[in-house]
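**Student:** After the structure tokens below, expect a handful of questions from me.
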Amino acid sequence: MNDIGRLAVCLALLCGVVSIIASVMGGVKRRSDLVRTGEHAAYATYGLVVLAVVILLHALLTHDFSLEYVAAYSSTTLPTNYVFAALWGGQKGSLLFWSFMLTTFTMIVEFQNRQRNRELMPWVTATLMTVSVFFLGLVVFITDPFERLPIPAVEGADLNPLLQNYWMMIHPPSLYTGYVSASVPFAFAIAALMTGRLGDQWIRSTRRWALFSWFFLTLGNLFGAMWAYEVLGWGGYWAWDPVENAAFMPWLVSTAYLHSVMIQEKKDMLRVWNMVLVLLTFSLTIFGTFLTRSGVISSVHSFTQSGLGPYFIGFLLLVILTAGAMVVYRLPELRTSGTIESFFSRESAFLFNNLILVGIAFAVFWGTVFPVLSEWVRGVKITVGPPFFNQVNAPLGVALLFLMGVGPVIAWRRATPRNLWKAFAWPVGTAVVAGIAFAVFAMPLGYAWATFTCAVFALSTVLQEFWRGMRARQALLHESAPRALNRLVGKNRRRYGGYLIHIGVVAVFIGVAASSAFRIEEQKTLEVGQDMTVGDYTLRYDRIETHEDGHMSSLAAVMSVFRDGQQIATLMPEKRFYKKPKQPTTEVANRSTLKEDLYLVLGSFDAETQLITILAYVNPLVVWIWLGGLIMAMGTAVAVWPVASEREARAYASDPMRVPAE
Amino acid sequence: MRRLGAHWLLLLLLAVAVPVLGATQHEVEEALTCQCGCGLTVHSCNHLNCGSGEPMKKEIAERLARGESKDIILAAFSSKYGEKVLSSPTFSGFNWFAWVTPFAAVLIGASILTLAIRRKVRAPASAPVAPSVTPTGDTERRERLRRELDDDDRE
């Protein structure tokens, strides 16, 4: 069975190569039969990769410890859901999983474009299959998940206990989806460069893919933050770890692209810039994969060190140099004559928004690679940790939040003083009042204050847009408020979906600023019955509860939580001790409200004296970050939902006899 | 004048980026990286019996009690563990590049962008009078309605 798996990945690699050759020849010679052959070979690649994944999953679920991968990342006592997650829990399996996702997306793209974009498709197929062949090549030649042990193991070594968390089922697939689907806009960009069809077509064809990729990158980052918050137990959710940075950078550049592409669609400008952003987003996904798998930069997320680094760097260089050369070659055709009429215009605001987003991405990249650079130049190892990233990115983040308020309401082309007054009087007035109130009643002047004030400004501009649009419909069409709002959003899904996303981002900014600036923390060693205070809460240590099964043992401190003399909760922070490998983990106890989280970590326990040490944090507004993510997800759903005209057009296309309604 | 403005902006950005030097236990712990491999600062490392973080916290407290400044404490740790113990690059020598480069890149980008926009902005005399997209006056509501009723999402 496992030999069939090995054979499947080898054949998949072969089919991938056939697909590339046939597609390129079909594209060059304009022969549709070769193009179709390339596409069929891509379908075959997908089928073979699916077969390999199914066989590896079967081996994991049946505890086939003759395979090195199964023995290294699972065991007979590991719960089934984590056995399933072991598919992407180790280096070898995750590369196969990556290939699976990429070939799945390739198949969807082929299916979507079987009748359209026919000139672009050979190059799209060739590009996507080149990326697939790279990953399948690693699977076949370097990291074979079907490698056999000389003597089958009696029992597996188990999955790393830190990964034995329900987020393991959610976070990596989300992030991989975001990473891998960035290949689709990249492939269309390359196809546009190859064919010289540099207009809007490739952008329109990949609009939803770009948003899809961005959405899953957003989710991947947020889910990773939630996981870290729940599991690592240091009271925070983002540590600027190199691998976190690697997931954040493509998100930033992708966000910049989603804004600047609007200018190309409206004004036929920024063709070069948009092309660069798409290429950069994809390159950063490969760079992120390189960071995770090379061991060049130490990170808590890294897979075990491997010799994959040079392959990823080689592939990254190939991508950058090839795509860069193609952009330079097409530069005369990419240049457009679009003009900007004024500094005070939406075009300018979007350009500066792009500058800040790419600037933050660069700052994160710079901080991530600077230790390596320092070692090369000075021979001295240094650390670039959270204080650096916080200090460098805080002013840029505030500037971004401010521009997020300006962009949606400033006029296209040229804003007159009257326009500016009408667009900004209310938001600026609200922000000024809020800023004064914050300074007087709540917080000193600083980044947190600036973030809160700019957040009020950005939120006001978006709410004003909803309000004015709704009122206009009510006044002229005599619609009820809910109906007017519903129709307003329904008729302009992309725009109002984007505004909803902005509201979500504002909530994330507020949560991050509050939880960073106003965190309260206490640490105390307690006897049974003794209490401690943190913020408004009093915590009483009642007893220790223990639990043991074949997989792990745990002990939990039962803590009664009081506020204003009333018991409001019982929290049980835990320590778990896994048996394979022998490793303790922290299970945080968290009482989450809209106002703040009470976050308890059990530090140590002395069995003789029953003394425990508790770390208690009060983290304000953390829930706002997760709610912000939820609002962003809703906004994305609104933005990508097909509008009535598209649904009708598709129905018409699928049934030519049907006459569209007038 | 414009160049002067850019320099002020750079100074302002650097000023807000430079950490305020103080000598509280929390600040010193945040300025040092725990050596247990957790990748966090000494303050954030929550391995309570951590073989690295706990002795470092204790030493910081002792040094602060002796009246040592943050700089002296950081220098002492740096000489003991190497520069990698500091959680951020120092403001000296080659490390300046770490701090200055991101802001310099954004400022250079902003300058290029400003020049590019200026070049693209039509000279007012030669430009045809273009109606603003954001409507004004009595036509505003009608124009807004037209925009709302227009399906922007249509391709």
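Please note that chains go A, B, ... in the order of the structure tokens, that every chain numbers its residues from 1, and that ligands are numbered from 1 in the order shown.
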Compile the residues of chain A that lie within 6 Å of chain B, evaluated using only C-alpha atoms, and express the compilation as a PyMOL selection string.
**Tutor:** chain A and resi 234+339-342+359+363+381-385+388+391-392+411-412+491-492+603
**Student:** Can you write out the residues you just picked, keeping C-alpha atoms, as a JSON list (two decimals), in the first residue's frame?
**Tutor:**
[["chain", "number", "residue", "atom", "x", "y", "z"],
["A", 234, "TRP", "CA", 2.77, 34.13, 28.54],
["A", 339, "THR", "CA", -3.03, 60.94, -14.27],
["A", 340, "ILE", "CA", -3.59, 61.99, -10.73],
["A", 341, "GLU", "CA", -5.30, 65.33, -10.56],
["A", 342, "SER", "CA", -4.58, 66.29, -6.98],
["A", 359, "GLY", "CA", 6.70, 49.91, 4.61],
["A", 363, "ALA", "CA", 10.17, 46.77, 8.56],
["A", 381, "LYS", "CA", 24.73, 37.15, 16.91],
["A", 382, "ILE", "CA", 22.08, 39.59, 17.97],
["A", 383, "THR", "CA", 18.38, 39.34, 18.80],
["A", 384, "VAL", "CA", 15.70, 41.43, 17.19],
["A", 385, "GLY", "CA", 12.77, 40.81, 19.48],
["A", 388, "PHE", "CA", 12.08, 46.39, 18.24],
["A", 391, "GLN", "CA", 8.64, 50.45, 18.49],
["A", 392, "VAL", "CA", 9.20, 50.48, 14.75],
["A", 411, "ALA", "CA", -13.20, 62.07, -3.43],
["A", 412, "TRP", "CA", -11.72, 60.38, -6.45],
["A", 491, "LYS", "CA", -26.12, 46.65, -4.55],
["A", 492, "ASN", "CA", -22.50, 47.49, -3.73],
["A", 603, "GLY", "CA", 3.29, 28.14, 37.13]]
**Student:** Neighbouring residues of region 559-568 of chain A were defined as those with any atom within 8 Å, considering only C-alpha atoms; residues of the same chain fewer than 4 positions away were excluded. Please report them as a list in words.
**Tutor:**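 In the requested format, the answer is Asp536, Tyr537, Thr538, Leu539, Arg540, Tyr541, Asp542, Arg543 and Met572 of chain A.
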**Student:** Nearest to Trp426 (chain A) among A:Val622, A:Leu95, A:Phe389, A:Arg468, with distances taken over only C-alpha atoms: which residue is it?
**Tutor:**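 Going through A:Val622, A:Leu95, A:Phe389, A:Arg468 one by one, the smallest distance to Trp426 (chain A) is for A:Arg468.
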**Student:** Of the residues A:Arg208, A:His547, A:Arg271, A:His502, which is the one nearest to Leu400 (chain A), using only C-alpha atoms?
**Tutor:**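 Nearest candidate to Leu400 (chain A) out of A:Arg208, A:His547, A:Arg271, A:His502: A:His502.
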**Student:** Tell me which protein, DNA and RNA residues are within 10 Å of Lys267 (chain A), counting only C-alpha atoms, leaving out same-chain ones fewer than 5 positions away, and put them as a ChimeraX atom specification.
**Tutor:** /A:261-262,336-340,347,412-413
**Student:** In terms of the shortest atom-to-atom distance over only C-alpha atoms, which of A:Ala22, A:Ala189, A:Leu627, A:Val377 is closest to Met129 (chain A)?
**Tutor:**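 Of all the options, A:Ala22 lies closest to Met129 (chain A).
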